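> File input.cif follows (mmCIF, C-alpha atoms and all ligand atoms):
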data_target
loop_
_atom_site.label_atom_id
_atom_site.label_comp_id
_atom_site.auth_asym_id
_atom_site.auth_seq_id
_atom_site.Cartn_x
_atom_site.Cartn_y
_atom_site.Cartn_z
CA MET A 160 95.95 79.42 73.37
CA ASP A 161 95.55 82.92 72.00
CA ALA A 162 97.68 85.99 72.65
CA GLN A 163 95.37 87.35 75.35
CA GLN A 164 95.44 84.10 77.32
CA ILE A 165 99.20 83.92 77.01
CA TYR A 166 99.65 87.44 78.36
CA ALA A 167 97.29 86.73 81.24
CA ALA A 168 99.09 83.51 82.13
CA GLN A 169 102.49 85.15 81.81
CA SER A 170 101.46 87.99 84.10
CA GLN A 171 100.45 85.52 86.76
CA LEU A 172 103.42 83.24 86.41
CA GLY A 173 106.03 85.99 86.46
CA ARG A 174 109.41 84.49 87.20
CA ARG A 175 108.18 80.95 86.88
CA LEU A 176 107.97 81.29 83.13
CA ARG A 177 110.32 79.02 81.32
CA VAL A 178 111.67 79.15 77.85
CA THR A 179 112.70 76.18 75.82
CA GLY A 180 115.14 76.83 73.05
CA GLU A 181 117.56 75.40 70.61
CA THR A 182 120.38 75.34 73.09
CA THR A 183 119.14 74.78 76.60
CA PRO A 184 116.04 75.46 78.67
CA LEU A 185 116.24 79.06 79.76
CA LEU A 186 114.54 80.80 82.60
CA LEU A 187 112.51 83.58 81.04
CA ASN A 188 113.34 86.21 83.58
CA THR A 189 113.66 89.05 81.18
CA CYS A 190 110.40 90.02 79.68
CA ILE A 191 107.00 88.80 79.05
CA HIS A 192 106.20 90.04 75.63
CA PRO A 193 106.57 88.86 72.08
CA PRO A 194 110.02 87.95 70.86
CA TYR A 195 111.84 90.93 69.49
CA GLN A 196 114.10 90.23 66.60
CA GLY A 197 115.67 91.75 63.59
CA GLY A 198 114.44 95.22 64.41
CA ARG A 199 110.79 94.22 64.10
CA ARG A 200 108.28 93.33 66.74
CA SER A 201 106.53 90.16 65.80
CA PHE A 202 104.14 88.01 67.72
CA ASP A 203 103.53 84.49 66.63
CA PRO A 204 101.33 82.55 69.06
CA SER A 205 102.61 79.32 67.56
CA LEU A 206 105.94 80.06 69.30
CA TYR A 207 104.17 79.66 72.62
CA THR A 208 103.48 76.13 73.71
CA ASN A 209 102.38 74.37 76.85
CA HIS A 210 105.42 73.38 78.82
CA PRO A 211 105.51 69.72 79.88
CA LYS A 212 105.81 70.74 83.53
CA GLY A 213 102.74 72.92 83.35
CA MET A 214 104.68 76.08 82.58
CA ILE A 215 104.06 78.28 79.63
CA GLY A 216 106.93 77.60 77.26
CA VAL A 217 108.39 79.62 74.46
CA ASP A 218 110.55 78.29 71.72
CA VAL A 219 113.37 80.76 71.48
CA PRO A 220 114.72 81.29 68.00
CA LYS A 221 118.49 81.34 68.25
CA GLY A 222 119.66 84.91 68.59
CA GLY A 223 116.22 86.03 69.74
CA PHE A 224 116.24 88.82 72.25
CA PHE A 225 113.88 89.01 75.16
CA GLY A 226 114.99 92.01 77.11
CA VAL A 227 113.19 94.86 75.41
CA PRO A 228 110.39 96.22 77.53
CA GLY A 229 107.54 96.47 75.09
CA VAL A 230 104.97 96.07 77.81
CA ARG A 231 105.95 97.80 81.00
CA GLY A 232 104.54 96.42 84.20
CA ILE A 233 104.75 92.76 83.34
CA ILE A 234 108.48 92.57 82.90
CA GLY A 235 110.24 89.98 85.00
CA SER A 236 113.43 90.32 86.92
CA MET A 237 116.23 90.35 84.38
CA LYS A 238 119.31 92.18 85.57
CA ILE A 239 121.56 94.65 83.86
CA PHE A 240 125.12 94.62 85.17
CA ALA A 241 127.44 97.43 84.22
CA ILE A 242 131.15 97.92 84.68
CA GLY A 243 132.67 101.29 85.47
CA ARG A 244 136.17 102.54 84.72
CA ASN A 245 137.17 99.66 82.49
CA TYR A 246 139.25 101.68 80.01
CA VAL A 247 142.34 103.56 81.20
CA GLU A 248 141.74 106.71 79.13
CA HIS A 249 138.13 106.95 80.26
CA ALA A 250 139.03 106.60 83.95
CA ARG A 251 141.51 109.44 83.44
CA GLU A 252 139.10 111.70 81.55
CA LEU A 253 136.76 111.63 84.55
CA GLY A 254 139.61 112.02 87.02
CA ASN A 255 139.14 108.53 88.49
CA GLU A 256 141.72 106.04 89.63
CA VAL A 257 142.15 102.88 87.56
CA PRO A 258 140.57 100.19 89.74
CA GLU A 259 142.26 96.92 90.64
CA GLU A 260 138.96 95.05 90.52
CA PRO A 261 136.01 95.66 88.17
CA VAL A 262 133.63 98.34 89.48
CA ILE A 263 130.10 96.91 89.28
CA PHE A 264 126.80 98.70 89.29
CA MET A 265 123.34 97.65 88.17
CA LYS A 266 120.34 98.99 86.34
CA PRO A 267 116.79 97.62 86.55
CA SER A 268 114.98 96.15 83.54
CA THR A 269 112.91 99.34 83.35
CA ALA A 270 116.10 101.15 82.27
CA LEU A 271 116.14 99.31 78.93
CA LEU A 272 115.49 101.10 75.65
CA GLY A 273 115.17 98.73 72.72
CA PRO A 274 116.84 99.18 69.35
CA GLY A 275 115.54 102.32 67.70
CA GLN A 276 113.74 103.62 70.78
CA ALA A 277 114.36 107.27 71.53
CA PHE A 278 115.87 108.53 74.76
CA VAL A 279 113.65 111.07 76.47
CA TYR A 280 115.80 113.72 78.14
CA PRO A 281 114.76 113.69 81.80
CA ASP A 282 113.95 116.88 83.66
CA PHE A 283 116.05 115.96 86.71
CA SER A 284 119.35 116.49 84.91
CA ASN A 285 121.02 119.12 82.77
CA ASP A 286 124.03 117.01 81.85
CA ILE A 287 123.14 113.61 80.41
CA HIS A 288 126.18 111.87 78.90
CA TYR A 289 126.40 109.01 76.41
CA GLU A 290 128.72 106.09 77.17
CA LEU A 291 128.93 103.52 74.37
CA GLU A 292 129.76 100.03 75.60
CA LEU A 293 130.05 96.46 74.38
CA VAL A 294 127.14 94.49 75.85
CA LEU A 295 127.08 90.74 76.38
CA ARG A 296 123.90 88.73 76.72
CA VAL A 297 124.00 85.91 79.26
CA SER A 298 122.82 82.45 78.19
CA ARG A 299 123.84 80.29 81.16
CA LEU A 300 123.37 80.55 84.91
CA VAL A 301 126.55 81.28 86.86
CA ARG A 302 127.04 81.86 90.56
CA GLN A 303 129.62 81.94 93.33
CA GLY A 304 132.58 83.12 91.32
CA THR A 305 132.50 80.24 88.90
CA GLY A 306 132.17 82.48 85.84
CA GLY A 307 135.33 81.34 84.12
CA VAL A 308 135.06 81.54 80.39
CA ALA A 309 132.74 84.26 79.12
CA GLY A 310 132.27 82.41 75.83
CA ASP A 311 130.53 79.61 77.74
CA VAL A 312 128.30 82.00 79.65
CA CYS A 313 127.23 84.51 76.99
CA ASP A 314 125.94 83.83 73.51
CA ALA A 315 125.39 87.24 71.95
CA VAL A 316 126.96 90.66 71.78
CA SER A 317 125.77 94.13 70.93
CA VAL A 318 126.55 97.72 71.71
CA GLY A 319 124.57 99.77 74.19
CA ILE A 320 124.58 103.22 75.69
CA ASP A 321 124.93 103.65 79.43
CA PHE A 322 123.20 107.04 79.72
CA THR A 323 124.49 108.84 82.77
CA ALA A 324 123.26 111.95 84.56
CA ARG A 325 126.78 113.30 85.05
CA ASP A 326 125.67 116.24 87.16
CA LEU A 327 123.85 114.00 89.63
CA GLN A 328 126.67 111.45 89.60
CA GLY A 329 129.24 114.14 90.38
CA MET A 330 127.18 115.42 93.26
CA LEU A 331 126.62 111.93 94.68
CA LYS A 332 130.29 110.97 94.31
CA LYS A 333 131.30 114.11 96.14
CA LYS A 334 129.04 113.13 99.04
CA GLY A 335 130.25 109.52 98.97
CA LEU A 336 126.71 108.33 98.15
CA PRO A 337 125.58 105.56 95.75
CA TRP A 338 125.11 106.51 92.08
CA GLU A 339 121.78 104.78 91.41
CA VAL A 340 119.68 107.75 90.38
CA ALA A 341 122.44 108.97 88.04
CA LYS A 342 122.83 105.61 86.30
CA ALA A 343 119.75 103.43 86.66
CA PHE A 344 116.88 105.74 85.78
CA ASP A 345 114.19 104.85 83.22
CA GLY A 346 115.59 104.69 79.70
CA SER A 347 119.22 104.82 80.82
CA ALA A 348 120.22 101.56 79.07
CA SER A 349 119.84 101.79 75.31
CA ILE A 350 120.60 98.52 73.56
CA GLY A 351 121.27 97.60 69.94
CA GLU A 352 120.45 94.49 67.95
CA PHE A 353 122.31 91.40 69.13
CA LEU A 354 124.67 89.31 67.04
CA GLU A 355 125.97 85.86 67.79
CA TRP A 356 129.20 86.24 69.70
CA ASP A 357 132.48 84.65 68.73
CA PRO A 358 134.64 85.04 71.86
CA THR A 359 137.84 84.34 69.91
CA GLN A 360 137.46 87.56 67.91
CA SER A 361 138.58 90.99 69.09
CA LEU A 362 135.65 93.42 68.92
CA SER A 363 135.93 96.97 67.68
CA PHE A 364 133.09 99.38 68.33
CA SER A 365 132.35 103.03 67.78
CA LEU A 366 129.79 105.75 68.31
CA LEU A 367 128.69 108.47 65.92
CA VAL A 368 126.85 111.49 67.27
CA ASN A 369 125.08 113.37 64.47
CA GLY A 370 127.38 111.59 62.01
CA GLU A 371 130.63 112.48 63.80
CA GLN A 372 132.71 109.81 65.49
CA ARG A 373 133.03 110.42 69.24
CA GLN A 374 134.10 107.07 70.64
CA SER A 375 136.08 104.19 69.18
CA ALA A 376 137.84 101.28 70.89
CA THR A 377 138.45 97.56 70.87
CA SER A 378 137.70 94.91 73.45
CA GLU A 379 141.45 94.39 73.89
CA GLN A 380 141.71 97.82 75.49
CA MET A 381 139.52 96.80 78.41
CA ILE A 382 141.32 96.74 81.76
CA HIS A 383 139.27 93.76 82.91
CA GLY A 384 138.44 91.33 80.12
CA PHE A 385 135.15 89.47 79.64
CA ASP A 386 136.22 86.42 81.66
CA ALA A 387 137.39 88.49 84.63
CA ILE A 388 134.21 90.59 84.58
CA ILE A 389 131.94 87.56 84.68
CA THR A 390 133.94 85.81 87.37
CA HIS A 391 133.91 88.93 89.50
CA ILE A 392 130.19 89.67 89.09
CA SER A 393 129.30 86.07 89.92
CA LYS A 394 131.11 86.29 93.25
CA PHE A 395 128.32 88.57 94.41
CA PHE A 396 125.35 88.00 92.13
CA THR A 397 123.82 85.00 90.41
CA ILE A 398 124.05 85.71 86.70
CA GLU A 399 121.03 84.35 84.87
CA PRO A 400 120.09 83.77 81.23
CA GLY A 401 118.69 86.97 79.78
CA ASP A 402 120.80 89.23 81.98
CA LEU A 403 122.88 91.83 80.16
CA ILE A 404 126.40 93.00 80.96
CA TYR A 405 127.51 96.49 79.90
CA THR A 406 131.27 96.13 79.92
CA GLY A 407 132.44 99.71 80.35
CA THR A 408 132.96 102.72 78.13
CA PRO A 409 136.13 103.95 76.44
CA SER A 410 137.17 107.60 76.44
CA GLY A 411 135.28 110.23 74.48
CA VAL A 412 132.13 110.38 76.59
CA GLY A 413 130.18 113.61 76.37
CA PRO A 414 126.84 115.35 76.72
CA VAL A 415 123.77 114.81 74.57
CA SER A 416 121.14 117.35 73.58
CA ARG A 417 117.59 117.05 72.33
CA GLY A 418 117.66 116.45 68.60
CA ASP A 419 120.92 114.45 68.63
CA LEU A 420 121.15 111.13 66.81
CA LEU A 421 123.40 108.44 68.31
CA GLU A 422 124.53 105.50 66.19
CA GLY A 423 126.47 102.57 67.63
CA PHE A 424 128.58 100.26 65.50
CA LEU A 425 130.15 96.88 66.08
CA GLY A 426 132.92 96.77 63.50
CA SER A 427 131.28 98.30 60.44
CA GLN A 428 127.80 97.09 61.33
CA LYS A 429 125.33 99.57 62.77
CA LEU A 430 123.46 97.85 65.60
CA LEU A 431 122.11 100.81 67.56
CA THR A 432 120.21 103.95 66.68
CA CYS A 433 118.96 106.23 69.40
CA GLY A 434 117.53 109.71 68.98
CA ILE A 435 117.43 112.16 71.86
CA VAL A 436 114.03 113.83 72.29
MG MG B 501 129.39 103.13 81.61
#
Could you show the structure in this file as structure tokens?
Ligand code: MG

Amino acid sequence: MDAQQIYAAQSQLGRRLRVTGETTPLLLNTCIHPPYQGGRRSFDPSLYTNHPKGMIGVDVPKGGFFGVPGVRGIIGSMKIFAIGRNYVEHARELGNEVPEEPVIFMKPSTALLGPGQAFVYPDFSNDIHYELELVLRVSRLVRQGTGGVAGDVCDAVSVGIDFTARDLQGMLKKKGLPWEVAKAFDGSASIGEFLEWDPTQSLSFSLLVNGEQRQSATSEQMIHGFDAIITHISKFFTIEPGDLIYTGTPSGVGPVSRGDLLEGFLGSQKLLTCGIV
């Protein structure tokens, strides 16, 4: 089976694609394009095999990432969950109350910007803000509030930027309307390279804008921890392998301008680079 045939079959199969991997069979609901790893796009047709049940199968190298939209239009239905107001200082800096339960919103897969992809400043806003967040990648299906232990549900972690049209969001909040257009627009979810996640370790992360540190925090400062976030999301939504969870931003958010360079770090490791154009 050559690359063309695989693409054609994948386009037709859509959500029925399945992935077989080192850990467990995964539903390939994220994207339908070559595995994206290590900062390089590579396509190896030998990774694609005929699934025993008649599905197209893909052997997923451990740590492989399938959520970067390289080919728009044939992306499946992966979900991006995001948590708002999950750090006390950030809730305060925007004049929000600290919520008792996690505040959930979502972005579509078309919001994703892969590692190194530039953010194109949209013409519908004059006040786009960066929000650096820890991002978990889901590896196991969870539903009906049975989330429990995040370490059993997610296998990888990265940092991502929840780009926000603050002017639109402010206007919508004032009117009591949903935030979607301020949060879920194309390119609003920049994501870095993923690392295997050790849930026993505290995670520190930071953002440099043009070489200057603007945000810095640790996972211990979250109001709602990873377990609580996953349990809460799964009360309302089935969480599926390939879904991503942006876990909230710490204080220090601010505007971006064309020409800025954003760099996201997990510990001392740079996982994300995103230029603003
Ligand atoms: Mg955010």
> Which residues of chain A come within 7 Å of ligand MG 501 (chain B), and what is each one's closest atom pair and distance in Å (one decimal), counting all atoms listed in the file, sorted by chain and residue number, as CSV?

residue,atom,partner,partner_atom,distance
A:Ala241,CA,B:MG501,MG,6.6
A:Ile242,CA,B:MG501,MG,6.3
A:Gly243,CA,B:MG501,MG,5.4
A:Glu290,CA,B:MG501,MG,5.4
A:Glu292,CA,B:MG501,MG,6.8
A:Asp321,CA,B:MG501,MG,5.0
A:Gly407,CA,B:MG501,MG,4.8
A:Thr408,CA,B:MG501,MG,5.0
> Report, in Å with one decimal, the straight-line distance from atom CA of Thr406 of chain A to atom CA of Asp345 of chain A.
19.5 Å
> Using only C-alpha atoms, which residues sit within 8 Å of segment 260-262 of chain A once same-chain residues fewer than 4 positions away are excluded, as a list of chain:residue names?
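With the cut-off at 8 Å, the set is A:Ile242, A:Gly243, A:Arg244, A:Asn245, A:His383, A:Ile388, A:His391.
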> Just the number, please: distance in Å from atom CA of Val368 of chain A to atom CA of Met237 of chain A, one decimal.
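Distance reported for this atom pair: 29.2 Å.
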> So how far away is atom CA of Pro358 of chain A from atom CA of Gly307 of chain A, in Å?
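These two atoms are separated by 12.8 Å.
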> Within 12 Å of (117.3, 116.7, 84.4) (coordinates as in the file), grab all the protein and nucleic acid residues, counting all atoms listed in the file, and write them out as a PyMOL selection string.
chain A and resi 279-288+323-328+340-341+344+415-416
> May I have the residues within 8 Å of segment 248-255 of chain A as a list of chain:residue names, using all atoms listed in the file and disregarding those fewer than 6 positions away in the same chain?
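My list of contacting residues is A:Thr408, A:Pro409, A:Ser410, A:Gly411, A:Val412.
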> Residues near Ala348 of chain A, anyone? I mean within 8 Å using all atoms listed in the file, not counting same-chain ones fewer than 3 positions away, as an mmCIF file with C-alpha atoms, keeping the file's coordinate frame.

data_model
loop_
_atom_site.group_PDB
_atom_site.id
_atom_site.type_symbol
_atom_site.label_atom_id
_atom_site.label_comp_id
_atom_site.auth_asym_id
_atom_site.auth_seq_id
_atom_site.Cartn_x
_atom_site.Cartn_y
_atom_site.Cartn_z
ATOM 1 C CA LYS A 266 120.340 98.990 86.340
ATOM 2 C CA ALA A 270 116.100 101.150 82.270
ATOM 3 C CA LEU A 271 116.140 99.310 78.930
ATOM 4 C CA LEU A 272 115.490 101.100 75.650
ATOM 5 C CA GLY A 319 124.570 99.770 74.190
ATOM 6 C CA ILE A 320 124.580 103.220 75.690
ATOM 7 C CA ASP A 321 124.930 103.650 79.430
ATOM 8 C CA PHE A 322 123.200 107.040 79.720
ATOM 9 C CA ALA A 343 119.750 103.430 86.660
#
> Taking into account all atoms listed in the file, which residue in the set A:Tyr246, A:Lys333, A:Gly275, A:Lys429 is nearest to Pro258 of chain A?
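Going through A:Tyr246, A:Lys333, A:Gly275, A:Lys429 one by one, the smallest distance to Pro258 of chain A is for A:Tyr246.
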> From the list A:Ala309, A:Val247, A:Leu420, A:Ile350, which residue is nearest Ile392 of chain A when using all atoms listed in the file?
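Of the candidates, the smallest distance to Ile392 of chain A is held by A:Ala309.
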> If you count all atoms listed in the file, which residues fall within 8 Å of Val436 of chain A, apart from same-chain ones fewer than 3 positions away, as number ranges by chain?
A: 277-280, 417-419
> Write out the residues from the selection above, keeping C-alpha atoms, as a compact mmCIF listing (two decimals), in the coordinates of the input.

# COMPACT_ATOMS: atom_id res chain seq x y z
CA ALA A 277 114.36 107.27 71.53
CA PHE A 278 115.87 108.53 74.76
CA VAL A 279 113.65 111.07 76.47
CA TYR A 280 115.80 113.72 78.14
CA ARG A 417 117.59 117.05 72.33
CA GLY A 418 117.66 116.45 68.60
CA ASP A 419 120.92 114.45 68.63
> Could you write out as JSON the box around segment 312-315 of chain A (axis-aligned, all atoms listed in the file, 3 Å on each side), with centre and edge lengths in Å to one decimal?

{"center_x": 126.8, "center_y": 84.6, "center_z": 75.8, "size_x": 8.9, "size_y": 11.2, "size_z": 13.7}
> Within 9 Å of Thr305 of chain A, counting all atoms listed in the file, which residues show up once you throw out same-chain ones fewer than 6 positions away? Write them as a list of chain:residue names, please.
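Once the adjacent positions are removed, what remains is A:Ile389, A:Thr390, A:His391, A:Ser393, A:Lys394.
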> Take the residues that were just selected and, keeping C-alpha atoms, output them as a PDB file, in the coordinates of the input.

ATOM      1  CA  ILE A 389     131.940  87.560  84.680  1.00  0.00           C
ATOM      2  CA  THR A 390     133.940  85.810  87.370  1.00  0.00           C
ATOM      3  CA  HIS A 391     133.910  88.930  89.500  1.00  0.00           C
ATOM      4  CA  SER A 393     129.300  86.070  89.920  1.00  0.00           C
ATOM      5  CA  LYS A 394     131.110  86.290  93.250  1.00  0.00           C
TER       6      LYS A 394
END
> Given the choices A:Leu367, A:Ile382, A:Ile398, A:Ala387, which gets closest to Tyr289 of chain A if the distance is worked out from all atoms listed in the file?
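Closest residue, counting all atoms listed in the file: A:Leu367.
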> Taking only C-alpha atoms into account, name the residue in A:Val294, A:Val257, A:Cys313, A:Ile404 that is nearest to Phe424 of chain A.
A:Val294
> Counting all atoms listed in the file, which residues come within 10 Å of (122.1, 90.0, 83.9), with the point read in the file's coordinates, and could you list them as a list in words?
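I get Asn188, Thr189, Ser236, Met237, Lys238, Ile239, Phe240, Ala241, Met265, Lys266, Pro267, Ser268, Leu295, Arg296, Val297, Ser298, Leu300, Ile392, Phe396, Thr397, Ile398, Glu399, Pro400, Gly401, Asp402, Leu403, Ile404 and Tyr405 of chain A for the residues within 10 Å of that point.
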